[in-house]
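Note: the block below is work.cif and it holds mmCIF, C-alpha atoms.
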data_run
#
loop_
_atom_site.label_atom_id
_atom_site.label_comp_id
_atom_site.auth_asym_id
_atom_site.auth_seq_id
_atom_site.Cartn_x
_atom_site.Cartn_y
_atom_site.Cartn_z
CA MET A 897 17.45 -21.08 80.58
CA ALA A 898 14.61 -22.60 78.54
CA LEU A 899 12.40 -22.99 81.61
CA SER A 900 13.08 -19.36 82.59
CA LEU A 901 11.96 -18.22 79.15
CA VAL A 902 8.82 -20.34 79.47
CA VAL A 903 8.01 -18.66 82.80
CA ALA A 904 8.65 -15.15 81.46
CA THR A 905 6.50 -15.86 78.40
CA GLY A 906 3.62 -17.11 80.53
CA VAL A 907 3.72 -14.05 82.78
CA ASN A 908 3.76 -11.71 79.79
CA LEU A 909 0.92 -13.47 77.96
CA ARG A 910 -1.65 -12.73 80.67
CA ALA A 911 -0.41 -9.46 82.19
CA VAL A 912 -2.69 -7.36 79.96
CA PHE A 913 -5.73 -9.05 81.55
CA GLY A 914 -4.51 -8.23 85.05
CA ALA A 915 -3.27 -4.67 84.57
CA THR A 916 -6.35 -3.20 82.88
CA PRO A 917 -9.37 -4.13 85.09
CA PRO A 918 -8.16 -2.35 88.28
CA LEU A 919 -7.50 0.80 86.26
CA VAL A 920 -10.79 0.96 84.33
CA PRO A 921 -12.37 3.56 86.69
CA VAL A 922 -9.31 5.84 86.46
CA ILE A 923 -9.01 5.44 82.69
CA SER A 924 -12.74 6.05 82.24
CA ASP A 925 -12.61 9.27 84.25
CA ASP A 926 -9.49 10.50 82.47
CA LEU A 927 -10.70 9.77 78.94
CA SER A 928 -14.46 10.16 79.57
CA LEU A 929 -15.23 6.60 78.48
CA SER A 930 -18.65 5.04 78.62
CA ALA A 931 -19.01 1.64 80.27
CA THR A 932 -19.40 0.00 76.86
CA THR A 933 -16.20 1.57 75.54
CA ALA A 934 -14.33 0.71 78.71
CA SER A 935 -15.38 -2.93 78.38
CA LEU A 936 -13.59 -3.05 75.01
CA LEU A 937 -10.26 -2.72 76.83
CA THR A 938 -10.69 -6.28 78.10
CA SER A 939 -12.94 -7.89 75.48
CA VAL A 940 -10.98 -6.73 72.40
CA PRO A 941 -7.71 -8.44 73.45
CA ILE A 942 -9.53 -11.76 73.94
CA LEU A 943 -11.19 -11.53 70.52
CA ALA A 944 -7.88 -10.49 68.95
CA MET A 945 -6.20 -13.52 70.50
CA ALA A 946 -8.83 -15.72 68.88
CA ALA A 947 -8.52 -14.03 65.49
CA CYS A 948 -4.71 -14.05 65.44
CA ALA A 949 -4.00 -17.48 66.90
CA PRO A 950 -3.56 -18.96 63.36
CA LEU A 951 -0.98 -16.24 62.68
CA GLY A 952 1.49 -18.11 64.87
CA HIS A 953 1.32 -21.12 62.56
CA ALA A 954 1.68 -18.94 59.46
CA LEU A 955 4.73 -17.12 60.84
CA THR A 956 6.48 -20.23 62.05
CA SER A 957 6.11 -21.74 58.58
CA ARG A 958 8.03 -18.77 57.17
CA LEU A 959 10.40 -17.79 59.98
CA GLY A 960 10.72 -20.76 62.32
CA THR A 961 9.34 -20.90 65.87
CA ASP A 962 12.08 -18.87 67.58
CA ARG A 963 12.09 -16.03 65.10
CA ALA A 964 8.30 -15.92 65.03
CA MET A 965 8.20 -15.59 68.83
CA ILE A 966 10.82 -12.83 68.74
CA ALA A 967 8.90 -10.87 66.09
CA LEU A 968 5.58 -11.20 67.91
CA LEU A 969 7.07 -10.19 71.26
CA ALA A 970 8.54 -7.12 69.58
CA VAL A 971 5.11 -6.15 68.23
CA ALA A 972 3.51 -6.64 71.66
CA GLY A 973 6.27 -4.68 73.36
CA ILE A 974 6.03 -1.73 70.98
CA ALA A 975 2.23 -1.66 71.29
CA GLU A 976 2.48 -1.68 75.09
CA LEU A 977 5.12 1.05 75.10
CA SER A 978 2.83 3.19 72.95
CA ARG A 979 0.23 3.33 75.72
CA PRO A 980 1.99 5.95 77.89
CA VAL A 981 1.53 8.50 75.07
CA THR A 982 -2.09 7.55 74.42
CA GLY A 983 -4.54 10.42 74.85
CA ALA A 984 -7.79 9.04 73.44
CA ALA A 985 -9.99 5.96 73.58
CA VAL A 986 -9.53 4.74 69.99
CA PRO A 987 -5.72 4.35 70.02
CA LEU A 988 -5.95 2.74 73.46
CA VAL A 989 -8.42 0.13 72.21
CA VAL A 990 -6.34 -0.39 69.03
CA SER A 991 -3.21 -0.97 71.11
CA ALA A 992 -5.17 -3.49 73.20
CA GLY A 993 -6.11 -5.32 70.01
CA LEU A 994 -2.50 -5.37 68.76
CA ILE A 995 -1.27 -6.69 72.10
CA GLY A 996 -3.95 -9.37 72.23
CA GLY A 997 -3.29 -10.43 68.64
CA ALA A 998 0.45 -10.78 69.18
CA LEU A 999 0.00 -12.67 72.43
CA GLY A 1000 -2.60 -14.97 70.90
CA ALA A 1001 -0.18 -15.92 68.13
CA ILE A 1002 2.66 -16.46 70.61
CA SER A 1003 0.53 -18.75 72.77
CA THR A 1004 0.23 -21.23 69.89
CA LEU A 1005 4.03 -21.49 69.63
CA VAL A 1006 4.76 -22.31 73.27
CA PRO A 1007 3.84 -26.04 73.09
CA ALA A 1008 6.36 -26.52 70.27
CA PHE A 1009 8.97 -24.53 72.21
CA ILE A 1010 8.46 -26.77 75.27
CA ALA A 1011 8.47 -29.96 73.21
CA HIS A 1012 11.83 -29.02 71.66
CA HIS A 1013 13.70 -27.58 74.64
CA LEU A 1014 12.20 -29.67 77.46
CA PRO A 1015 11.11 -32.96 75.87
CA ARG A 1016 11.51 -35.06 79.03
CA ARG A 1017 9.71 -32.61 81.29
CA ARG A 1018 6.80 -31.55 79.13
CA GLY A 1019 4.24 -31.97 81.90
CA LEU A 1020 6.29 -30.07 84.47
CA ALA A 1021 7.16 -27.30 82.00
CA THR A 1022 3.52 -26.98 80.92
CA GLY A 1023 2.41 -26.77 84.55
CA VAL A 1024 5.00 -24.07 85.26
CA TYR A 1025 3.91 -22.22 82.11
CA SER A 1026 0.23 -22.35 83.09
CA THR A 1027 1.08 -21.22 86.61
CA SER A 1028 3.15 -18.34 85.30
CA MET A 1029 0.16 -17.14 83.26
CA ALA A 1030 -1.99 -17.09 86.39
CA LEU A 1031 0.83 -15.31 88.24
CA GLY A 1032 1.02 -12.78 85.42
CA VAL A 1033 -2.60 -11.81 85.99
CA GLY A 1034 -2.08 -11.44 89.72
CA LEU A 1035 1.24 -9.62 89.42
CA ALA A 1036 -0.12 -7.12 86.91
CA ALA A 1037 -3.28 -6.53 88.95
CA GLY A 1038 -1.32 -6.13 92.18
CA THR A 1039 1.17 -3.62 90.77
CA ALA A 1040 -1.22 -1.56 88.62
CA GLN A 1041 -2.48 0.70 91.41
CA PRO A 1042 0.92 1.33 93.09
CA ILE A 1043 2.54 2.18 89.76
CA THR A 1044 -0.38 4.47 88.92
CA ALA A 1045 -0.13 6.24 92.27
CA HIS A 1046 3.63 6.58 92.54
CA LEU A 1047 5.28 6.21 89.13
CA GLY A 1048 3.40 8.38 86.66
CA GLY A 1049 -0.22 7.34 86.32
CA TRP A 1050 -2.21 4.62 84.57
CA ARG A 1051 -0.40 5.03 81.25
CA VAL A 1052 2.90 4.00 82.82
CA ALA A 1053 1.18 1.09 84.62
CA LEU A 1054 -0.02 -0.24 81.27
CA GLY A 1055 3.13 0.54 79.32
CA VAL A 1056 5.65 -1.00 81.71
CA TRP A 1057 4.81 -4.47 80.40
CA GLY A 1058 6.25 -3.46 77.03
CA VAL A 1059 9.69 -3.42 78.64
CA VAL A 1060 9.13 -7.00 79.82
CA ALA A 1061 8.09 -8.13 76.33
CA LEU A 1062 11.12 -6.57 74.67
CA ALA A 1063 13.44 -8.04 77.32
CA LEU A 1064 11.96 -11.47 76.62
CA ALA A 1065 12.51 -10.98 72.89
CA ALA A 1066 16.14 -10.12 73.64
CA GLY A 1067 16.49 -13.29 75.72
CA LEU A 1068 15.21 -15.46 72.88
CA THR A 1069 17.57 -13.70 70.50
CA ALA A 1070 20.47 -14.51 72.84
CA VAL A 1071 19.46 -18.18 72.88
CA ARG A 1072 19.52 -18.26 69.09
CA ALA A 1073 22.86 -16.46 68.99
CA ALA A 1074 24.30 -19.10 71.34
CA GLY A 1075 23.33 -21.82 68.87
CA LYS A 1076 20.59 -23.27 71.09
CA GLY A 1077 17.60 -22.14 69.07
CA MET A 1078 15.13 -24.43 67.36
CA PRO A 1079 16.40 -25.64 63.97
CA ARG A 1080 14.70 -24.53 60.80
CA ASP A 1081 13.14 -27.10 58.51
CA HIS A 1082 15.28 -27.76 55.45
CA GLY A 1083 14.15 -28.29 51.90
CA PRO A 1084 11.20 -26.71 50.13
CA GLN A 1085 9.01 -24.75 52.52
CA ARG A 1086 5.35 -25.56 52.19
CA ARG A 1087 2.82 -23.91 54.46
CA VAL A 1088 0.86 -26.70 56.09
CA PRO A 1089 -2.81 -25.72 56.53
CA LEU A 1090 -4.63 -25.85 59.83
CA PRO A 1091 -6.06 -29.33 60.55
CA LEU A 1092 -9.66 -28.28 59.94
CA ARG A 1093 -10.56 -31.63 58.37
CA GLU A 1094 -9.05 -33.77 61.10
CA LYS A 1095 -11.47 -35.16 63.69
CA ARG A 1096 -8.83 -35.29 66.41
CA ALA A 1097 -8.10 -31.60 65.93
CA TRP A 1098 -11.75 -30.76 66.51
CA PHE A 1099 -11.77 -32.96 69.59
CA VAL A 1100 -8.68 -31.27 71.03
CA SER A 1101 -10.25 -27.88 70.27
CA ALA A 1102 -13.41 -28.89 72.12
CA VAL A 1103 -11.34 -29.90 75.13
CA HIS A 1104 -9.67 -26.46 75.02
CA CYS A 1105 -12.94 -24.56 74.75
CA VAL A 1106 -14.52 -25.89 77.95
CA PRO A 1107 -12.06 -24.52 80.56
CA MET A 1108 -11.57 -21.31 78.56
CA PHE A 1109 -15.34 -20.63 78.51
CA LEU A 1110 -15.68 -21.45 82.20
CA GLY A 1111 -12.52 -19.63 83.30
CA PHE A 1112 -13.22 -16.24 81.73
CA GLY A 1113 -16.93 -16.47 82.59
CA VAL A 1114 -16.39 -17.18 86.28
CA ILE A 1115 -13.55 -14.66 86.66
CA THR A 1116 -15.72 -11.91 85.18
CA TRP A 1117 -18.95 -12.55 87.11
CA LEU A 1118 -18.17 -14.46 90.33
CA PRO A 1119 -17.93 -11.38 92.63
CA SER A 1120 -21.14 -9.91 91.20
CA HIS A 1121 -22.93 -13.26 91.50
CA LEU A 1122 -21.97 -13.64 95.14
CA ALA A 1123 -22.74 -10.01 96.00
CA ALA A 1124 -26.21 -10.36 94.50
CA HIS A 1125 -26.86 -13.19 96.99
CA GLY A 1126 -25.85 -11.25 100.06
CA VAL A 1127 -22.09 -11.76 100.22
CA PRO A 1128 -20.35 -8.46 101.13
CA ALA A 1129 -18.44 -6.95 98.22
CA GLY A 1130 -15.05 -7.22 99.90
CA VAL A 1131 -15.63 -10.86 100.83
CA ALA A 1132 -16.85 -11.60 97.28
CA ALA A 1133 -13.56 -10.23 95.96
CA LEU A 1134 -11.68 -12.57 98.31
CA HIS A 1135 -13.58 -15.49 96.82
CA LEU A 1136 -12.22 -14.50 93.41
CA VAL A 1137 -8.71 -14.42 94.87
CA GLY A 1138 -9.31 -17.91 96.24
CA PHE A 1139 -10.65 -19.08 92.88
CA GLN A 1140 -7.48 -17.83 91.18
CA GLY A 1141 -5.11 -18.96 93.90
CA VAL A 1142 -6.26 -22.57 94.00
CA GLN A 1143 -5.70 -22.78 90.25
CA LEU A 1144 -1.98 -22.44 90.91
CA VAL A 1145 -2.14 -25.55 93.10
CA SER A 1146 -3.84 -27.66 90.46
CA MET A 1147 -1.61 -26.39 87.66
CA LEU A 1148 1.58 -27.19 89.57
CA THR A 1149 0.50 -30.57 90.94
CA LEU A 1150 -1.49 -32.20 88.15
CA THR A 1151 0.49 -31.57 84.97
CA PRO A 1152 3.75 -33.04 86.38
CA LEU A 1153 1.83 -36.28 86.89
CA THR A 1154 1.59 -36.60 83.12
CA ASP A 1155 5.38 -37.04 82.95
CA ARG A 1156 4.98 -40.26 84.95
CA LEU A 1157 1.55 -41.50 83.87
CA PRO A 1158 0.92 -42.12 80.16
CA GLY A 1159 -2.83 -42.26 80.72
CA ARG A 1160 -4.67 -38.92 80.74
CA ARG A 1161 -8.30 -39.88 81.20
CA ALA A 1162 -8.33 -40.28 84.97
CA VAL A 1163 -6.58 -36.96 85.64
CA PHE A 1164 -8.77 -35.00 83.24
CA ALA A 1165 -11.94 -36.70 84.51
CA THR A 1166 -10.95 -35.70 88.05
CA VAL A 1167 -10.61 -32.00 87.23
CA MET A 1168 -13.85 -31.93 85.23
CA ILE A 1169 -15.77 -33.60 88.07
CA THR A 1170 -14.25 -31.13 90.53
CA ALA A 1171 -15.14 -28.14 88.35
CA THR A 1172 -18.68 -29.38 87.85
CA LEU A 1173 -19.20 -29.94 91.56
CA GLY A 1174 -17.91 -26.46 92.35
CA LEU A 1175 -20.20 -24.83 89.81
CA LEU A 1176 -23.12 -26.85 91.15
CA LEU A 1177 -22.50 -25.45 94.64
CA LEU A 1178 -22.20 -21.89 93.30
CA THR A 1179 -25.51 -22.36 91.49
CA LEU A 1180 -27.47 -23.99 94.32
CA ASP A 1181 -26.33 -21.80 97.23
CA PRO A 1182 -24.06 -18.88 96.24
CA HIS A 1183 -24.10 -17.57 99.81
CA GLY A 1184 -23.70 -20.56 102.11
CA LEU A 1185 -21.55 -22.66 99.77
CA ALA A 1186 -19.51 -19.86 98.20
CA TRP A 1187 -16.11 -20.93 99.55
CA PRO A 1188 -16.23 -24.64 98.71
CA GLY A 1189 -17.84 -23.80 95.37
CA ALA A 1190 -15.19 -21.24 94.39
CA LEU A 1191 -12.28 -23.44 95.50
CA LEU A 1192 -13.56 -26.60 93.82
CA ALA A 1193 -14.40 -24.75 90.61
CA GLY A 1194 -11.01 -23.02 90.59
CA PHE A 1195 -9.09 -26.24 91.17
CA GLY A 1196 -10.96 -28.05 88.39
CA ILE A 1197 -10.92 -25.26 85.81
CA GLY A 1198 -7.27 -24.42 86.47
CA GLY A 1199 -6.24 -28.05 86.20
CA ALA A 1200 -8.18 -28.55 82.98
CA SER A 1201 -6.71 -25.42 81.38
CA SER A 1202 -3.16 -26.70 81.91
CA LEU A 1203 -3.82 -30.33 81.05
CA VAL A 1204 -5.17 -29.38 77.63
CA LEU A 1205 -1.75 -27.94 76.76
CA VAL A 1206 -0.21 -31.34 77.46
CA LEU A 1207 -2.88 -32.89 75.25
CA VAL A 1208 -1.71 -30.80 72.28
CA GLN A 1209 1.79 -32.19 72.68
CA ASP A 1210 0.44 -35.74 73.07
CA GLU A 1211 -1.43 -35.45 69.78
CA SER A 1212 1.56 -34.05 67.86
CA ALA A 1213 4.34 -36.08 66.28
CA ALA A 1214 6.56 -33.02 65.63
CA PRO A 1215 6.83 -29.36 66.70
CA ARG A 1216 5.19 -28.23 63.45
CA ASP A 1217 2.21 -30.48 64.19
CA ALA A 1218 1.97 -28.99 67.69
CA THR A 1219 1.96 -25.48 66.24
CA ARG A 1220 -0.77 -26.06 63.67
CA LEU A 1221 -2.94 -27.97 66.14
CA SER A 1222 -2.39 -25.35 68.83
CA SER A 1223 -3.24 -22.57 66.36
CA MET A 1224 -6.61 -24.12 65.59
CA ALA A 1225 -7.41 -25.03 69.19
CA MET A 1226 -6.39 -21.63 70.56
CA SER A 1227 -8.37 -19.73 67.95
CA LEU A 1228 -11.56 -21.57 68.83
CA SER A 1229 -10.96 -21.60 72.59
CA PHE A 1230 -10.22 -17.87 72.79
CA THR A 1231 -13.49 -17.29 70.97
CA ALA A 1232 -15.19 -19.44 73.59
CA GLY A 1233 -13.40 -17.46 76.29
CA ALA A 1234 -14.76 -14.19 74.91
CA ALA A 1235 -18.25 -15.70 74.59
CA GLY A 1236 -18.43 -16.84 78.22
CA PRO A 1237 -18.60 -13.42 79.93
CA PHE A 1238 -20.84 -12.02 77.18
CA LEU A 1239 -23.42 -14.82 77.34
CA ILE A 1240 -23.55 -14.73 81.14
CA GLY A 1241 -24.10 -10.97 81.02
CA ALA A 1242 -26.75 -11.30 78.32
CA LEU A 1243 -28.62 -13.92 80.37
CA SER A 1244 -28.46 -11.60 83.36
CA ASP A 1245 -30.03 -8.79 81.32
CA LEU A 1246 -32.78 -11.13 80.14
CA THR A 1247 -33.58 -12.76 83.47
CA GLY A 1248 -32.51 -10.15 86.00
CA THR A 1249 -30.14 -12.59 87.74
CA LEU A 1250 -26.70 -14.09 87.19
CA THR A 1251 -27.93 -17.47 88.38
CA TRP A 1252 -28.94 -18.46 84.85
CA GLY A 1253 -25.45 -17.62 83.63
CA PHE A 1254 -23.93 -19.92 86.23
CA ARG A 1255 -26.43 -22.58 85.25
CA LEU A 1256 -25.08 -22.23 81.73
CA CYS A 1257 -21.54 -22.75 83.06
CA LEU A 1258 -22.76 -25.80 84.97
CA ALA A 1259 -24.30 -27.20 81.76
CA VAL A 1260 -21.05 -26.65 79.82
CA SER A 1261 -19.00 -28.29 82.57
CA THR A 1262 -21.42 -31.21 82.75
CA ALA A 1263 -21.10 -31.73 79.00
CA GLY A 1264 -17.33 -31.63 79.49
CA LEU A 1265 -17.59 -34.78 81.60
CA LEU A 1266 -17.99 -36.69 78.35
CA LEU A 1267 -14.64 -35.54 76.97
CA PRO A 1268 -12.24 -37.77 78.96
CA ALA A 1269 -13.59 -40.83 77.14
CA GLY A 1270 -12.00 -39.54 73.91
CA ILE A 1271 -8.56 -38.76 75.36
CA ARG A 1272 -5.83 -41.14 74.24
CA PRO A 1273 -2.66 -42.12 76.14
CA ALA A 1274 0.53 -40.15 75.46
CA ARG A 1275 2.71 -41.09 72.51
CA THR A 1276 5.56 -43.41 73.35
CA ALA A 1277 8.90 -41.60 73.01
#

Translate the structure described by the file into structure tokens.
Amino acid sequence: MALSLVVATGVNLRAVFGATPPLVPVISDDLSLSATTASLLTSVPILAMAACAPLGHALTSRLGTDRAMIALLAVAGIAELSRPVTGAAVPLVVSAGLIGGALGAISTLVPAFIAHHLPRRRGLATGVYSTSMALGVGLAAGTAQPITAHLGGWRVALGVWGVVALALAAGLTAVRAAGKGMPRDHGPQRRVPLPLREKRAWFVSAVHCVPMFLGFGVITWLPSHLAAHGVPAGVAALHLVGFQGVQLVSMLTLTPLTDRLPGRRAVFATVMITATLGLLLLTLDPHGLAWPGALLAGFGIGGASSLVLVLVQDESAAPRDATRLSSMAMSLSFTAGAAGPFLIGALSDLTGTLTWGFRLCLAVSTAGLLLPAGIRPARTA
């Protein structure tokens, strides 16, 4: 049951980023949106996730992890269900911000949920969770057009995910009612601040920021980068599918290794080297080396993004520690994730080519090669 809830949560956390992009042309025509306004439908949720990540820690201090997740899922579900009655740009963007904020806060609670319910399978559960997030993007993107065409238009395609969020909230409520929820802390309740003065917290946050910056940056601009170097548009889109698909492989295969191997440095160094090599190929020859570059970069970035979730649990002695550390790391990494696409686009405007943006990604990934040296072995149970 716990693993099923982890999967459903992961799918729901990323669906908003899959459902919206395929529908941007239809939404823009229907609501007469400019390109700048339309871009807010994807950028605002990322920024809201960054801004509201600490909210998860604040709510769990008052309500407990389970109740905080239930409340946040209810907010996300209601905001998503409001979209079918949206008739203007402003409420649509506001609903995107509410959804992103709620999901950003929830994401900081998942490591503590896994640590409590699946303590002996943290690596496997984290890999499944990361994979489910990637599946959520693909599932939402793949169903957006059919729902729009056959079940009532783009508003229904966006709003249907509210039903999923509310169903997940009901599932968590049932777990609590069955007496299997996470126990509340007893005694005087004191809100523990974010670990802003702890060096290890800043290190963990830095490890989070690298794959988030690279992931959102490459997803946003890879097809355009390849098309600008002579790759047909349809083939460039397939490269993005390959980039996303190979992430599932790394997420499912690498994180379970952490259940058996206490050392983390070798695994994380492997994914960072792989990501850096892939980005190097995409920078040197985006046409001839597009496939190996996309697959290597996807494998490395996907693996790194799931391994950092294990790192949060390694660095935490208790679920509350995992929540406060995750809140800080997620807030900073979501900001990095929003900055990636923007900086690559800005460099393209300045230089007339996306190559400089991918050189920036290569530089960030190369700097990330230094991070494994600071990773400590897992805590002994």

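Closest approach to Met1226 in chain A among A:Ala1200, A:Leu968, A:Ala1259, A:Ala946: A:Ala946, based on all atoms listed in the file.
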
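Applied to this file, the PyMOL selection byres ((chain A and resi 1246-1254) around 9) selects the residues A:Gly1113, A:Val1114, A:Trp1117, A:Leu1118, A:Ser1120, A:His1121, A:Ala1124, A:Leu1175, A:Leu1176, A:Leu1178, A:Thr1179, A:Leu1180, A:Pro1182, A:Gly1236, A:Pro1237, A:Leu1239, A:Ile1240, A:Gly1241, A:Ala1242, A:Leu1243, A:Ser1244, A:Asp1245, A:Arg1255, A:Leu1256, A:Cys1257, A:Leu1258, A:Ala1259.
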
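Comparing the minimum interatomic distances between Val1052 in chain A and each of A:Ile1271, A:Ala904, A:Ala915, A:Ala998, counting only C-alpha atoms, we find that A:Ala915 sits nearest.
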
(request) Pull out every residue that the PyMOL selection byres ((chain A and resi 971-988) around 10) matches in the shown coordinates and put them as a ChimeraX atom specification. (result) /A:908-909,912,923-924,926-929,933-934,936-937,965-970,989-999,1002,1048-1065

Decode the PyMOL selection byres ((chain A and resi 1160-1164) around 8) for the given file into explicit residues and return them as an mmCIF file with C-alpha atoms, in the coordinates of the input.
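expr10.cif, freshly written:
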data_model
loop_
_atom_site.group_PDB
_atom_site.id
_atom_site.type_symbol
_atom_site.label_atom_id
_atom_site.label_comp_id
_atom_site.auth_asym_id
_atom_site.auth_seq_id
_atom_site.Cartn_x
_atom_site.Cartn_y
_atom_site.Cartn_z
ATOM 1 C CA LEU A 1150 -1.490 -32.200 88.150
ATOM 2 C CA THR A 1154 1.590 -36.600 83.120
ATOM 3 C CA LEU A 1157 1.550 -41.500 83.870
ATOM 4 C CA PRO A 1158 0.920 -42.120 80.160
ATOM 5 C CA GLY A 1159 -2.830 -42.260 80.720
ATOM 6 C CA ALA A 1165 -11.940 -36.700 84.510
ATOM 7 C CA THR A 1166 -10.950 -35.700 88.050
ATOM 8 C CA VAL A 1167 -10.610 -32.000 87.230
ATOM 9 C CA MET A 1168 -13.850 -31.930 85.230
ATOM 10 C CA GLY A 1199 -6.240 -28.050 86.200
ATOM 11 C CA ALA A 1200 -8.180 -28.550 82.980
ATOM 12 C CA LEU A 1203 -3.820 -30.330 81.050
ATOM 13 C CA PRO A 1268 -12.240 -37.770 78.960
ATOM 14 C CA ALA A 1269 -13.590 -40.830 77.140
ATOM 15 C CA ILE A 1271 -8.560 -38.760 75.360
ATOM 16 C CA ARG A 1272 -5.830 -41.140 74.240
ATOM 17 C CA PRO A 1273 -2.660 -42.120 76.140
ATOM 18 C CA ALA A 1274 0.530 -40.150 75.460
#

Would you kindly return, as an mmCIF file with C-alpha atoms, in the coordinates of the input, each protein, DNA or RNA residue with an atom no farther than 12 Å from any atom of Ser1026 in chain A, considering only C-alpha atoms and excluding same-chain residues fewer than 4 positions away?
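Dumped to part-v6.cif:
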data_model
loop_
_atom_site.group_PDB
_atom_site.id
_atom_site.type_symbol
_atom_site.label_atom_id
_atom_site.label_comp_id
_atom_site.auth_asym_id
_atom_site.auth_seq_id
_atom_site.Cartn_x
_atom_site.Cartn_y
_atom_site.Cartn_z
ATOM 1 C CA VAL A 902 8.820 -20.340 79.470
ATOM 2 C CA VAL A 903 8.010 -18.660 82.800
ATOM 3 C CA ALA A 904 8.650 -15.150 81.460
ATOM 4 C CA THR A 905 6.500 -15.860 78.400
ATOM 5 C CA GLY A 906 3.620 -17.110 80.530
ATOM 6 C CA VAL A 907 3.720 -14.050 82.780
ATOM 7 C CA ASN A 908 3.760 -11.710 79.790
ATOM 8 C CA LEU A 909 0.920 -13.470 77.960
ATOM 9 C CA ARG A 910 -1.650 -12.730 80.670
ATOM 10 C CA SER A 1003 0.530 -18.750 72.770
ATOM 11 C CA VAL A 1006 4.760 -22.310 73.270
ATOM 12 C CA PRO A 1007 3.840 -26.040 73.090
ATOM 13 C CA ARG A 1018 6.800 -31.550 79.130
ATOM 14 C CA GLY A 1019 4.240 -31.970 81.900
ATOM 15 C CA LEU A 1020 6.290 -30.070 84.470
ATOM 16 C CA ALA A 1021 7.160 -27.300 82.000
ATOM 17 C CA THR A 1022 3.520 -26.980 80.920
ATOM 18 C CA ALA A 1030 -1.990 -17.090 86.390
ATOM 19 C CA LEU A 1031 0.830 -15.310 88.240
ATOM 20 C CA GLY A 1032 1.020 -12.780 85.420
ATOM 21 C CA VAL A 1033 -2.600 -11.810 85.990
ATOM 22 C CA GLN A 1143 -5.700 -22.780 90.250
ATOM 23 C CA LEU A 1144 -1.980 -22.440 90.910
ATOM 24 C CA VAL A 1145 -2.140 -25.550 93.100
ATOM 25 C CA SER A 1146 -3.840 -27.660 90.460
ATOM 26 C CA MET A 1147 -1.610 -26.390 87.660
ATOM 27 C CA LEU A 1148 1.580 -27.190 89.570
ATOM 28 C CA THR A 1149 0.500 -30.570 90.940
ATOM 29 C CA LEU A 1150 -1.490 -32.200 88.150
ATOM 30 C CA THR A 1151 0.490 -31.570 84.970
ATOM 31 C CA PRO A 1152 3.750 -33.040 86.380
ATOM 32 C CA ILE A 1197 -10.920 -25.260 85.810
ATOM 33 C CA GLY A 1198 -7.270 -24.420 86.470
ATOM 34 C CA GLY A 1199 -6.240 -28.050 86.200
ATOM 35 C CA ALA A 1200 -8.180 -28.550 82.980
ATOM 36 C CA SER A 1201 -6.710 -25.420 81.380
ATOM 37 C CA SER A 1202 -3.160 -26.700 81.910
ATOM 38 C CA LEU A 1203 -3.820 -30.330 81.050
ATOM 39 C CA VAL A 1204 -5.170 -29.380 77.630
ATOM 40 C CA LEU A 1205 -1.750 -27.940 76.760
ATOM 41 C CA VAL A 1206 -0.210 -31.340 77.460
#

(request) Pick out the closest residue to Arg1072 in chain A from this set: A:Gly1038, A:Pro1091, A:Gly960, A:Gly952. Count all atoms listed in the file. (result) A:Gly960

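Picture a line from CA of Ala1186 in chain A to CA of Leu1122 in chain A; it runs 7.4 Å.
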
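Shortest separation to Ala1070 in chain A among A:Arg963, A:Ser1212, A:Ser930, A:Ser1229 occurs at residue A:Arg963, atoms counted being only C-alpha atoms.
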
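Taking CA of Gly1141 in chain A as the reference point, CA of Ala1218 in chain A is found at 28.9 Å.
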
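You can rank A:Leu959, A:Leu1110, A:Ala1190, A:Ala1045 by their closest distance to His1135 in chain A using only C-alpha atoms, and at the top of that list sits A:Ala1190.
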
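The coordinates place CA of Leu1192 in chain A at 6.9 Å from CA of Leu1173 in chain A.
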
Using only C-alpha atoms, which residues sit within 9 Å of Ala1097 in chain A once same-chain residues fewer than 2 positions away are excluded, as a compact mmCIF listing (two decimals) with C-alpha atoms, in the frame of the given file?
# COMPACT_ATOMS: atom_id res chain seq x y z
CA PRO A 1091 -6.06 -29.33 60.55
CA LEU A 1092 -9.66 -28.28 59.94
CA ARG A 1093 -10.56 -31.63 58.37
CA GLU A 1094 -9.05 -33.77 61.10
CA LYS A 1095 -11.47 -35.16 63.69
CA PHE A 1099 -11.77 -32.96 69.59
CA VAL A 1100 -8.68 -31.27 71.03
CA SER A 1101 -10.25 -27.88 70.27
CA ALA A 1102 -13.41 -28.89 72.12
CA GLU A 1211 -1.43 -35.45 69.78
CA LEU A 1221 -2.94 -27.97 66.14
CA SER A 1222 -2.39 -25.35 68.83
CA MET A 1224 -6.61 -24.12 65.59
CA ALA A 1225 -7.41 -25.03 69.19

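The residue that comes closest to Val1142 in chain A, out of A:Gln1209, A:Thr1219, A:Thr1027, A:Gln1041 and on the basis of only C-alpha atoms, is A:Thr1027.
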
(request) Could you give me, as an MDAnalysis selection string, the residues that sit within 10 Å of (-15.0, -23.5, 99.5) in the file's coordinates, counting all atoms listed in the file? (result) chainID A and resid 1135 1138:1139 1174 1177:1178 1184:1194
